[in-house]
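Source file: target_7.cif (mmCIF, C-alpha atoms and all ligand atoms)
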data_work
loop_
_atom_site.label_atom_id
_atom_site.label_comp_id
_atom_site.auth_asym_id
_atom_site.auth_seq_id
_atom_site.Cartn_x
_atom_site.Cartn_y
_atom_site.Cartn_z
CA MET A 1 182.64 90.25 80.94
CA ALA A 2 185.97 88.39 81.05
CA PRO A 3 186.20 85.66 83.73
CA CYS A 4 189.01 87.44 85.56
CA ASP A 5 186.83 90.57 85.93
CA GLU A 6 184.06 88.47 87.43
CA THR A 7 186.44 87.02 90.02
CA GLN A 8 187.58 90.49 90.95
CA ILE A 9 184.00 91.64 91.52
CA TRP A 10 183.16 88.57 93.59
CA ASN A 11 186.24 89.02 95.81
CA SER A 12 185.10 92.48 96.75
CA TYR A 13 181.82 90.97 98.04
CA SER A 14 183.31 88.22 100.19
CA ALA A 15 182.79 88.25 103.98
CA PHE A 16 183.97 86.54 107.18
CA ASP A 17 182.14 83.95 109.30
CA ASP A 18 182.73 85.82 112.59
CA GLU A 19 180.36 85.12 115.44
CA ILE A 20 177.26 87.26 115.90
CA PRO A 21 175.84 87.38 119.47
CA THR A 22 172.74 85.30 120.23
CA VAL A 23 170.33 86.86 122.73
CA ASP A 24 167.83 84.63 124.56
CA TYR A 25 164.60 86.64 124.62
CA SER A 26 162.99 84.60 127.41
CA LEU A 27 165.89 85.29 129.79
CA LEU A 28 165.41 89.07 129.39
CA PHE A 29 162.14 88.59 131.32
CA SER A 30 163.29 85.83 133.67
CA HIS A 31 161.75 85.82 137.15
CA ASP A 32 165.20 85.06 138.52
CA PRO A 33 166.76 88.54 139.07
CA ALA A 34 170.34 87.31 138.66
CA GLN A 35 169.52 85.55 135.39
CA ARG A 36 167.63 88.61 134.11
CA PHE A 37 170.52 90.89 135.05
CA MET A 38 173.01 88.72 133.15
CA ALA A 39 170.74 88.56 130.09
CA LEU A 40 170.27 92.35 130.05
CA GLU A 41 174.03 92.85 130.42
CA PHE A 42 174.57 90.60 127.42
CA LEU A 43 171.95 92.53 125.44
CA ARG A 44 173.73 95.79 126.32
CA HIS A 45 176.99 94.31 125.07
CA ALA A 46 175.31 93.14 121.82
CA CYS A 47 173.75 96.58 121.21
CA GLN A 48 176.87 98.58 122.01
CA GLU A 49 179.64 96.40 120.61
CA PHE A 50 177.76 94.96 117.61
CA GLY A 51 174.46 96.72 116.85
CA PHE A 52 172.98 93.47 115.51
CA PHE A 53 172.27 90.09 117.06
CA TYR A 54 170.23 86.90 116.74
CA LEU A 55 167.17 86.58 118.95
CA VAL A 56 166.10 83.08 120.03
CA ASN A 57 163.53 81.69 122.49
CA HIS A 58 161.14 84.44 121.49
CA THR A 59 157.33 84.15 121.58
CA ILE A 60 156.53 83.62 117.87
CA PRO A 61 155.25 80.09 117.11
CA ASP A 62 157.23 78.12 114.49
CA ALA A 63 154.04 77.74 112.43
CA VAL A 64 153.84 81.53 111.95
CA PHE A 65 157.36 81.59 110.48
CA GLU A 66 156.70 78.59 108.27
CA GLY A 67 153.34 80.02 107.16
CA ILE A 68 154.69 83.34 106.00
CA LEU A 69 157.75 81.89 104.23
CA LYS A 70 155.57 79.40 102.36
CA GLY A 71 153.00 82.12 101.62
CA ILE A 72 155.68 84.33 100.08
CA SER A 73 157.06 81.48 98.02
CA ASN A 74 153.56 80.83 96.61
CA TYR A 75 152.85 84.53 96.09
CA PHE A 76 155.99 85.03 94.01
CA ASP A 77 154.90 82.31 91.58
CA PRO A 78 156.43 83.29 88.19
CA THR A 79 153.21 82.28 86.38
CA THR A 80 151.14 84.93 88.25
CA LEU A 81 153.59 87.79 87.70
CA ASN A 82 151.04 89.92 85.85
CA GLU A 83 148.63 89.92 88.82
CA ARG A 84 151.30 91.51 91.01
CA LYS A 85 152.03 94.32 88.57
CA ILE A 86 149.04 96.34 89.86
CA TYR A 87 151.18 97.16 92.90
CA ARG A 88 153.97 98.69 90.86
CA LYS A 89 154.81 102.30 91.85
CA LYS A 90 151.86 104.57 91.16
CA GLY A 91 151.75 107.55 93.48
CA ALA A 92 152.02 109.30 96.81
CA LEU A 93 149.18 107.30 98.37
CA ASP A 94 150.64 103.84 97.74
CA THR A 95 150.32 101.62 100.82
CA ILE A 96 151.49 98.48 99.03
CA ARG A 97 154.35 98.28 96.58
CA TRP A 98 155.58 95.41 94.43
CA ASP A 99 158.52 95.42 92.06
CA GLN A 100 161.07 93.26 90.43
CA ASN A 101 164.58 94.58 89.87
CA SER A 102 167.20 92.87 87.82
CA SER A 103 170.20 95.10 87.38
CA SER A 104 173.85 95.22 88.37
CA GLY A 105 172.82 97.18 91.52
CA GLU A 106 169.80 95.19 92.74
CA ASN A 107 168.39 91.74 92.02
CA ARG A 108 165.20 90.95 93.89
CA GLU A 109 161.45 90.72 93.64
CA TYR A 110 159.68 92.36 96.60
CA LEU A 111 156.34 93.15 98.10
CA LYS A 112 156.29 96.00 100.64
CA LEU A 113 153.40 97.21 102.72
CA PHE A 114 152.48 99.52 105.58
CA ALA A 115 151.93 97.17 108.52
CA HIS A 116 151.29 99.58 111.43
CA PRO A 117 149.46 101.65 112.79
CA LYS A 118 147.10 100.45 110.07
CA PHE A 119 147.68 97.15 108.30
CA HIS A 120 147.49 97.05 104.48
CA ALA A 121 147.81 93.91 102.37
CA PRO A 122 146.95 92.72 98.87
CA ALA A 123 143.13 92.44 98.75
CA LYS A 124 143.13 89.60 96.22
CA ALA A 125 145.43 87.39 98.25
CA SER A 126 143.21 87.32 101.34
CA ALA A 127 144.51 84.07 102.88
CA PHE A 128 148.09 85.29 102.39
CA SER A 129 147.15 88.71 103.81
CA LYS A 130 145.87 87.08 107.01
CA ILE A 131 149.15 85.20 107.36
CA ILE A 132 151.15 88.42 106.93
CA GLU A 133 148.96 90.23 109.45
CA GLU A 134 149.39 87.50 112.03
CA TYR A 135 153.15 87.54 111.53
CA SER A 136 153.19 91.32 111.88
CA LYS A 137 151.19 91.22 115.14
CA GLU A 138 153.41 88.53 116.63
CA MET A 139 156.56 90.40 115.64
CA ARG A 140 155.27 93.63 117.19
CA LYS A 141 154.85 91.85 120.53
CA VAL A 142 158.49 90.80 120.38
CA VAL A 143 159.54 94.34 119.44
CA ASP A 144 157.54 95.80 122.36
CA GLY A 145 159.39 93.43 124.67
CA LEU A 146 162.71 94.42 123.11
CA ALA A 147 161.87 98.10 123.63
CA LYS A 148 161.46 97.39 127.35
CA ALA A 149 164.67 95.40 127.57
CA VAL A 150 166.70 97.91 125.53
CA SER A 151 165.38 100.76 127.74
CA LYS A 152 166.73 98.92 130.77
CA THR A 153 170.13 98.34 129.16
CA LEU A 154 170.36 102.11 128.73
CA GLY A 155 169.70 102.56 132.47
CA PHE A 156 166.09 103.76 132.15
CA GLU A 157 162.70 102.49 133.22
CA GLU A 158 161.16 100.01 130.79
CA HIS A 159 158.88 102.49 128.97
CA TYR A 160 161.68 104.89 127.96
CA ILE A 161 161.95 103.74 124.32
CA GLU A 162 158.22 103.27 123.88
CA LYS A 163 157.67 106.91 124.95
CA ALA A 164 160.65 108.36 123.09
CA PHE A 165 159.41 106.79 119.82
CA ASN A 166 155.68 106.77 120.59
CA LEU A 167 155.81 103.10 119.57
CA LYS A 168 152.09 102.51 120.22
CA SER A 169 151.47 104.44 116.97
CA GLY A 170 154.79 103.38 115.48
CA PHE A 171 155.15 103.32 111.70
CA ASP A 172 156.10 99.82 110.50
CA VAL A 173 156.87 98.78 106.94
CA MET A 174 157.23 95.12 105.97
CA ALA A 175 159.26 93.96 102.98
CA MET A 176 159.02 90.43 101.63
CA ASN A 177 161.94 89.68 99.34
CA LEU A 178 162.81 86.99 96.83
CA TYR A 179 166.44 86.83 95.68
CA PRO A 180 167.26 86.65 92.85
CA PRO A 181 164.06 87.40 90.92
CA ASN A 182 163.11 84.64 88.46
CA SER A 183 166.20 82.80 89.68
CA THR A 184 168.56 84.90 87.57
CA SER A 185 170.58 87.90 88.64
CA LYS A 186 172.57 90.42 86.69
CA GLY A 187 175.65 90.30 88.90
CA PRO A 188 176.41 89.45 92.51
CA VAL A 189 174.33 92.10 94.34
CA GLY A 190 170.85 91.32 95.70
CA LEU A 191 170.52 94.61 97.56
CA PRO A 192 173.22 97.30 97.77
CA GLU A 193 174.80 98.65 100.97
CA HIS A 194 172.53 100.66 103.24
CA THR A 195 171.42 101.25 106.82
CA ASP A 196 167.74 101.25 107.78
CA PRO A 197 165.71 103.85 109.66
CA GLY A 198 163.66 103.20 112.79
CA PHE A 199 164.06 101.62 116.23
CA VAL A 200 164.92 98.07 115.15
CA ILE A 201 164.70 95.96 112.00
CA THR A 202 163.60 92.34 112.35
CA LEU A 203 164.53 89.77 109.72
CA ILE A 204 163.75 86.11 109.09
CA GLN A 205 164.70 83.99 106.08
CA ASP A 206 164.12 80.57 104.54
CA VAL A 207 167.72 79.58 103.79
CA ASN A 208 170.98 80.79 105.24
CA GLY A 209 173.49 82.99 103.53
CA GLY A 210 173.33 86.10 101.43
CA LEU A 211 173.06 88.81 104.09
CA GLN A 212 176.30 90.52 105.09
CA ILE A 213 176.74 93.16 107.80
CA LEU A 214 179.62 95.63 108.16
CA SER A 215 180.91 95.46 111.74
CA HIS A 216 182.12 98.35 113.95
CA LYS A 217 185.61 97.28 113.02
CA GLY A 218 184.98 97.63 109.29
CA LYS A 219 184.78 93.87 108.61
CA TRP A 220 182.01 92.32 106.48
CA ILE A 221 180.37 89.45 108.40
CA ASN A 222 178.08 86.74 106.98
CA SER A 223 174.83 86.33 108.87
CA TYR A 224 173.66 82.77 109.57
CA ILE A 225 170.42 83.06 111.54
CA PRO A 226 169.66 80.08 113.84
CA HIS A 227 166.59 78.03 112.88
CA HIS A 228 163.46 80.04 113.74
CA GLY A 229 165.64 82.79 115.12
CA ILE A 230 165.24 86.48 114.26
CA LEU A 231 168.05 88.77 113.18
CA ILE A 232 167.70 92.11 114.98
CA GLN A 233 169.49 95.12 113.56
CA LEU A 234 169.43 98.45 115.40
CA GLY A 235 167.90 101.24 113.34
CA ASP A 236 169.14 104.75 112.53
CA HIS A 237 166.68 106.38 114.93
CA LEU A 238 167.97 104.42 117.93
CA GLU A 239 171.41 105.70 116.94
CA ILE A 240 170.05 109.26 116.88
CA LEU A 241 168.15 108.93 120.18
CA THR A 242 171.21 107.50 121.96
CA ASN A 243 173.51 110.06 120.32
CA GLY A 244 175.56 107.31 118.70
CA LYS A 245 175.82 104.97 121.72
CA TYR A 246 173.80 102.22 119.97
CA LYS A 247 174.57 102.37 116.25
CA SER A 248 172.85 101.11 113.11
CA HIS A 249 175.01 99.14 110.67
CA ILE A 250 175.54 99.01 106.94
CA HIS A 251 174.41 95.73 105.38
CA ARG A 252 173.86 94.25 101.91
CA VAL A 253 172.57 91.12 100.21
CA ILE A 254 174.80 89.09 97.93
CA VAL A 255 173.28 86.51 95.56
CA ASP A 256 176.70 85.26 94.45
CA ASN A 257 175.69 85.08 90.81
CA ASN A 258 172.56 83.03 91.53
CA LYS A 259 174.14 80.59 93.97
CA VAL A 260 172.12 82.02 96.91
CA LYS A 261 168.35 81.79 96.33
CA ARG A 262 166.49 83.06 99.30
CA ILE A 263 163.31 84.57 100.73
CA SER A 264 163.47 87.10 103.57
CA VAL A 265 160.87 88.98 105.61
CA VAL A 266 162.15 92.32 106.84
CA SER A 267 160.12 94.60 109.12
CA LEU A 268 161.25 98.14 109.84
CA HIS A 269 159.78 99.17 113.20
CA GLY A 270 159.78 102.94 113.45
CA PRO A 271 158.63 105.76 115.70
CA SER A 272 155.26 107.36 114.98
CA LEU A 273 155.51 109.52 111.88
CA ASP A 274 154.94 112.83 113.73
CA LYS A 275 157.42 112.16 116.54
CA VAL A 276 160.50 114.40 116.59
CA ILE A 277 163.54 112.21 117.17
CA SER A 278 166.70 113.88 118.41
CA PRO A 279 169.49 112.85 120.80
CA GLY A 280 168.06 112.36 124.32
CA ILE A 281 169.42 114.89 126.84
CA GLU A 282 170.68 111.95 128.91
CA PHE A 283 173.15 111.11 126.13
CA VAL A 284 174.54 114.62 125.62
CA ASP A 285 177.21 116.28 127.77
CA ASP A 286 180.56 118.07 127.36
CA GLU A 287 182.29 114.82 126.46
CA HIS A 288 179.47 113.70 124.12
CA PRO A 289 178.24 116.73 122.17
CA LYS A 290 175.06 116.37 120.14
CA GLU A 291 175.91 114.44 116.96
CA TYR A 292 172.59 114.49 115.10
CA HIS A 293 169.93 117.00 114.11
CA GLY A 294 166.42 116.30 115.36
CA THR A 295 163.51 115.91 112.96
CA THR A 296 160.21 114.06 112.71
CA TYR A 297 160.34 110.45 111.58
CA LYS A 298 158.21 111.38 108.56
CA ALA A 299 160.54 114.19 107.49
CA SER A 300 163.56 111.93 107.89
CA LEU A 301 161.95 109.26 105.70
CA GLU A 302 161.07 111.81 103.02
CA ALA A 303 164.45 113.58 103.17
CA ASN A 304 165.78 111.92 99.99
CA GLY A 305 162.63 112.75 98.09
CA CYS A 306 161.51 109.15 98.60
CA HIS A 307 158.06 107.72 99.17
CA LEU A 308 157.44 106.62 102.80
CA ILE A 309 157.25 102.99 101.68
CA ASP A 310 160.87 103.16 100.51
CA VAL A 311 161.89 103.66 104.19
CA GLN A 312 165.27 104.93 103.09
CA SER A 313 167.99 106.08 105.45
CA SER A 314 168.81 109.77 105.76
CA LEU A 315 171.28 109.30 108.60
CA GLN A 316 174.12 110.96 106.68
CA ASP A 317 172.10 114.17 106.30
CA LEU A 318 171.17 114.20 109.99
CA ARG A 319 174.77 113.95 111.21
CA ILE A 320 176.12 117.21 112.62
CA LEU A 321 179.41 117.71 110.88
CA LYS A 322 182.29 118.08 113.30
CA PRO A 323 184.22 121.36 112.88
O1 LIG B 401 166.73 90.55 102.59
C1 LIG B 401 167.61 90.81 103.36
O2 LIG B 401 168.33 89.97 103.88
C2 LIG B 401 167.89 92.23 103.75
C3 LIG B 401 166.89 93.20 103.21
C4 LIG B 401 167.14 94.57 103.71
O3 LIG B 401 168.20 94.89 104.15
C5 LIG B 401 166.06 95.55 103.65
O4 LIG B 401 164.97 95.25 103.12
O5 LIG B 401 166.27 96.65 104.18
FE FE B 402 168.10 96.69 105.19
#

What is this structure when it is put down as structure tokens?
Amino acid sequence: MAPCDETQIWNSYSAFDDEIPTVDYSLLFSHDPAQRFMALEFLRHACQEFGFFYLVNHTIPDAVFEGILKGISNYFDPTTLNERKIYRKKGALDTIRWDQNSSSGENREYLKLFAHPKFHAPAKASAFSKIIEEYSKEMRKVVDGLAKAVSKTLGFEEHYIEKAFNLKSGFDVMAMNLYPPNSTSKGPVGLPEHTDPGFVITLIQDVNGGLQILSHKGKWINSYIPHHGILIQLGDHLEILTNGKYKSHIHRVIVDNNKVKRISVVSLHGPSLDKVISPGIEFVDDEHPKEYHGTTYKASLEANGCHLIDVQSSLQDLRILKP
């Protein structure tokens, strides 16, 4: 490819360093009513005006973050590549999936697994599996707390989201990503543009840079997560439940032709697979007609003919087209 072509491609993947809101988790549960009220108001603003935010002062110990990031780095050792190939796509019953993609559309090595209601992890890597399971349990506690807080920002009692999504049996998939695979990419894209299904998506990373999110206003924004902070992105099914009040956002990963080398841990926290998700009656009236079709979480995940572990968005298909 001629150098000028390369520059043109890179320019189309550049993004702005606009501020992303930072929500203090501990203040959402403050015993001081005024402080709690302010924190919940700020969370409402972050959900409605952004749809993504950083979460700090949460309950996950630093050692859990450091443990999983180190564990992933060790697991993706290039010399043990062959051992991981047993988790390459096999069939409809896969609960763990590994793959390595190096193409103009995607450049990453990943390990995905079903984390909830039942936890699955690579049997051979038992110490690593324990680390992943601990991370997953800790993150679920944070997500349960967020479900309470988000319910309140919508004007409901704290169990509204938990009940609407049947979160106690919620379907969670974890993806552990290494960008670019083997330190070489074929082009600037780590992961192409997409939104994610579910209630919320939690994300941590080892180094900053690479993840870009498309704002409400159509502007690509670089995400720089504070140290030991969590990036929260609202999922497609919160958008459906709230009839578009709280929206999910398109995002992508850019490896900038191998300049950004990074590990991320992404958990997609979904409703239970059999739960029908449709716009809540509280969000529908003459001024806000129903904007989405209702369907079970499972059917929405399988809508593109994909395996559940792909957790792909089908939001476009669920939108009711305006006449
Ligand atoms: O690795 C990242 O930063 C984002 C990954 C992502 O968007 C996903 O797995 O859905
Ligand atoms: Fe994503």

Looking at all atoms listed in the file, which of A:Asn208, A:Ser300, A:Ser313, A:Asn258 is the one that sits closest to ligand FE 402 (chain B)?
->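 Using all atoms listed in the file, ligand FE 402 (chain B) sits closest to A:Ser313.
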
Got a sec to check which residues lie within 6 Å of ligand LIG 401 (chain B), using all atoms listed in the file, and send them as an mmCIF file with C-alpha atoms, in the coordinates of the input?
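What landed in result15.cif:
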data_model
loop_
_atom_site.group_PDB
_atom_site.id
_atom_site.type_symbol
_atom_site.label_atom_id
_atom_site.label_comp_id
_atom_site.auth_asym_id
_atom_site.auth_seq_id
_atom_site.Cartn_x
_atom_site.Cartn_y
_atom_site.Cartn_z
ATOM 1 C CA ALA A 175 159.260 93.960 102.980
ATOM 2 C CA ASN A 177 161.940 89.680 99.340
ATOM 3 C CA LEU A 211 173.060 88.810 104.090
ATOM 4 C CA VAL A 253 172.570 91.120 100.210
ATOM 5 C CA SER A 264 163.470 87.100 103.570
ATOM 6 C CA VAL A 266 162.150 92.320 106.840
#

Among the residues A:Lys141, A:His251, A:Lys85, A:Lys217, the one that comes closest to ligand FE 402 (chain B) [using all atoms listed in the file] |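 Under the stated criterion, the closest residue is A:His251.
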
From the list A:Lys259, A:Asn304, A:Asn243, A:Leu214, which residue is nearest A:Pro289 when using only C-alpha atoms?
-> A:Asn243

Return as a PyMOL selection string every polymer residue, whether protein, DNA or RNA, with at least one atom no more than 12 Å from an atom of ligand FE 402 (chain B); count all atoms listed in the file.
-> chain A and resi 52+173-177+190-198+200-203+211-214+231-236+248-253+264-269+310-313

Could you please determine the separation between atom CA of A:Asn74 and atom CA of A:Thr95 in Å, to one decimal place?
-> 21.5 Å

Can you tell me how far atom CA of A:Val56 sits from atom CA of A:Gly229, in Å to one decimal?
->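 Distance between the two atoms: 4.9 Å.
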
Residue list as a PyMOL selection string for point (152.0, 85.5, 110.2), cut-off 12 Å, all atoms listed in the file = chain A and resi 60-72+115+127-140+174+204+265

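The space between atom CA of A:Ala164 and atom CA of A:Thr22 spans 26.2 Å.
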
Would you mind telling me which residue in A:Ser12, A:Ser169, A:Asn82, A:Asn222 lies nearest to A:Pro271 when using only C-alpha atoms?
-> A:Ser169

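Residues in contact with A:Asn166 at up to 12 Å, not including ones fewer than 4 positions away on its chain and judged by all atoms listed in the file, are A:Pro117, A:Asp144, A:Ala147, A:His159, A:Tyr160, A:Ile161, A:Glu162, A:Gly170, A:Phe171, A:Gly198, A:Phe199, A:His269, A:Gly270, A:Pro271, A:Ser272, A:Leu273, A:Asp274, A:Lys275, A:Val276, A:Ile277, A:Thr296, A:Tyr297.
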
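You can rank A:Lys112, A:Phe165, A:Asn101, A:Gly209 by their closest distance to A:Thr184 using all atoms listed in the file, and at the top of that list sits A:Asn101.
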
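Closest approach to A:Ala39 among A:Leu93, A:Ala149, A:Val255, A:Leu113: A:Ala149, based on only C-alpha atoms.
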
Give me the box for stretch 105-121 of chain A as AutoDock Vina command-line options, namely the centre and edge lengths in Å to one decimal of a box along x, y and z that holds every listed atom plus 4 Å on each side.
--center_x 160.0 --center_y 96.2 --center_z 102.2 --size_x 33.7 --size_y 18.9 --size_z 29.3

Find the residues near A:Val142: any atom within 9 Å, counting all atoms listed in the file, skip ones fewer than 6 places away on the same chain, and give them as a ChimeraX atom specification.
-> /A:25,58-60
